[in-house]
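Next up, work-v3.pdb (PDB, C-alpha atoms and all ligand atoms):
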```pdb
ATOM      1  CA  MET O   1       0.000   0.000   0.000
ATOM      2  CA  VAL O   2       1.281   3.427  -0.920
ATOM      3  CA  LYS O   3       1.090   6.438   1.336
ATOM      4  CA  ILE O   4       1.841   9.953   0.142
ATOM      5  CA  GLU O   5       2.727  12.687   2.587
ATOM      6  CA  ILE O   6       2.684  16.296   1.434
ATOM      7  CA  ASP O   7       4.208  18.904   3.719
ATOM      8  CA  LEU O   8       1.820  21.795   3.236
ATOM      9  CA  GLU O   9       4.234  24.185   4.936
ATOM     10  CA  LYS O  10       6.705  23.497   2.119
ATOM     11  CA  CYS O  11       4.259  23.209  -0.801
ATOM     12  CA  THR O  12       4.029  26.396  -2.846
ATOM     13  CA  GLY O  13       1.415  25.088  -5.267
ATOM     14  CA  CYS O  14       3.830  25.160  -8.201
ATOM     15  CA  GLY O  15       2.006  22.296  -9.902
ATOM     16  CA  THR O  16       5.111  20.304 -10.806
ATOM     17  CA  CYS O  17       3.771  17.172  -9.140
ATOM     18  CA  VAL O  18       0.510  17.500 -11.064
ATOM     19  CA  ASP O  19       2.468  17.791 -14.321
ATOM     20  CA  VAL O  20       5.004  15.008 -13.774
ATOM     21  CA  CYS O  21       2.809  12.323 -12.250
ATOM     22  CA  PRO O  22       1.950   9.815 -15.001
ATOM     23  CA  SER O  23      -1.080   8.577 -13.078
ATOM     24  CA  GLY O  24      -2.959  11.755 -12.221
ATOM     25  CA  VAL O  25      -2.494  11.310  -8.491
ATOM     26  CA  TYR O  26      -2.370  15.035  -7.678
ATOM     27  CA  GLU O  27      -4.686  18.010  -7.909
ATOM     28  CA  LEU O  28      -4.140  21.563  -6.792
ATOM     29  CA  ARG O  29      -6.703  22.847  -4.321
ATOM     30  CA  ASP O  30      -6.361  26.324  -2.858
ATOM     31  CA  GLU O  31      -2.785  26.437  -4.186
ATOM     32  CA  LYS O  32      -1.724  23.306  -2.348
ATOM     33  CA  SER O  33      -1.124  19.857  -3.743
ATOM     34  CA  VAL O  34      -3.568  17.143  -2.727
ATOM     35  CA  ALA O  35      -3.070  13.461  -3.500
ATOM     36  CA  VAL O  36      -6.579  12.636  -4.644
ATOM     37  CA  ASN O  37      -5.829   9.373  -6.402
ATOM     38  CA  VAL O  38      -3.206   7.583  -4.329
ATOM     39  CA  ASP O  39      -4.379   4.125  -5.419
ATOM     40  CA  ALA O  40      -3.155   4.883  -8.956
ATOM     41  CA  CYS O  41       0.410   5.561  -7.806
ATOM     42  CA  LEU O  42       3.064   3.567  -9.691
ATOM     43  CA  LEU O  43       5.839   4.328  -7.188
ATOM     44  CA  CYS O  44       7.913   5.971  -9.932
ATOM     45  CA  ARG O  45       8.901   8.734  -7.468
ATOM     46  CA  ALA O  46       8.954  11.428 -10.162
ATOM     47  CA  CYS O  47       6.942  13.693  -7.866
ATOM     48  CA  GLU O  48       9.255  13.209  -4.921
ATOM     49  CA  ILE O  49      12.362  13.826  -7.029
ATOM     50  CA  GLN O  50      11.018  16.823  -8.952
ATOM     51  CA  CYS O  51       9.189  18.759  -6.262
ATOM     52  CA  PRO O  52      11.381  21.877  -5.953
ATOM     53  CA  ASN O  53      10.631  22.165  -2.247
ATOM     54  CA  SER O  54      11.028  18.502  -1.243
ATOM     55  CA  ALA O  55       7.469  18.593   0.065
ATOM     56  CA  ILE O  56       6.507  15.081  -1.029
ATOM     57  CA  LYS O  57       7.284  11.738   0.546
ATOM     58  CA  VAL O  58       6.109   8.577  -1.182
ATOM     59  CA  ILE O  59       6.063   5.767   1.341
ATOM     60  CA  GLU O  60       5.694   2.112   0.417
TER      61      GLU O  60
HETATM   62  S1  LIG C   1       5.694  19.927  -6.746
HETATM   63 FE1  LIG C   1       5.902  20.216  -4.527
HETATM   64  S2  LIG C   1       5.682  22.432  -4.193
HETATM   65 FE2  LIG C   1       4.921  21.980  -6.260
HETATM   66  S3  LIG C   1       2.703  21.699  -5.983
HETATM   67 FE3  LIG C   1       3.664  19.669  -5.829
HETATM   68  S4  LIG C   1       4.048  19.336  -3.623
HETATM   69 FE4  LIG C   1       3.657  21.526  -3.935
HETATM   70  S1  LIG C   2       5.435   8.203  -7.327
HETATM   71 FE1  LIG C   2       4.976   8.542  -9.526
HETATM   72  S2  LIG C   2       2.926   7.674  -9.818
HETATM   73 FE2  LIG C   2       3.230   7.942  -7.611
HETATM   74  S3  LIG C   2       2.357   9.933  -7.136
HETATM   75 FE3  LIG C   2       4.539  10.255  -7.539
HETATM   76  S4  LIG C   2       4.704  10.743  -9.721
HETATM   77 FE4  LIG C   2       2.663   9.856  -9.371
END
```

Could you spell out this file's structure in structure tokens?
Ligand code: SF4
Ligand code: SF4
Amino acid sequence: MVKIEIDLEKCTGCGTCVDVCPSGVYELRDEKSVAVNVDACLLCRACEIQCPNSAIKVIE
């Protein structure tokens, strides 16, 4: 089971995670990232690696 933690203090709502996720896991709501579709996560870690603020942790 995958768990995604987003540090909302660090998230600036840049949208990178929305753009890079191949599975549509993220949406922006009120300029913060929300993982709305965690079950679709492929564990590719593109979001974790590319978030400019290191706000995302993908936990297996
Ligand atoms: S890439 Fe990081 S800073 Fe940008 S919206 Fe996603 S979680 Fe927030
Ligand atoms: S690990 Fe990959 S599939 Fe999972 S949320 Fe991040 S970018 Fe999307």

**Report entry** Within 10 Å of segment 22-33 of chain O using only C-alpha atoms, minus same-chain residues under 6 positions, as a ChimeraX atom specification
**Finding:** /O:4,6-16,39-42,44,46-47,55-56

Box time for ligand LIG 1 (chain C): axis-aligned, enclosing all its listed atoms, 8 Å extra on each side; report centre and edge lengths in Å to one decimal, as lines of an AutoDock Vina configuration file.
```
center_x = 4.3
center_y = 20.9
center_z = -5.2
size_x = 19.2
size_y = 19.1
size_z = 19.1
```

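With distances taken over all atoms listed in the file, O:Cys51 is the one residue among O:Ala35, O:Cys51, O:Cys21, O:Val58 lying closest to ligand LIG 1 (chain C).
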
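Taking only C-alpha atoms into account, Asn37 of chain O lies nearest to O:Val2 out of the set O:Ile49, O:Val20, O:Val2, O:Ile59.
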
Query raised in the report: Can you tell me how far atom CA of Asn53 of chain O sits from atom S2 of ligand LIG 2 (chain C), in Å to one decimal?
Result: 18.1 Å

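Each of O:Glu60, O:Val34, O:Arg45, O:Met1 was compared to ligand LIG 2 (chain C) using only C-alpha atoms and all ligand atoms, and O:Arg45 turns out to be the nearest.
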
Requested in this report: Calculate how many Å separate atom CA of Ser54 of chain O from atom CA of Val36 of chain O, rounding to one decimal.
Outcome: 18.9 Å

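Put simply, atom CA of Asp19 of chain O is 19.4 Å away from atom CA of Lys3 of chain O.
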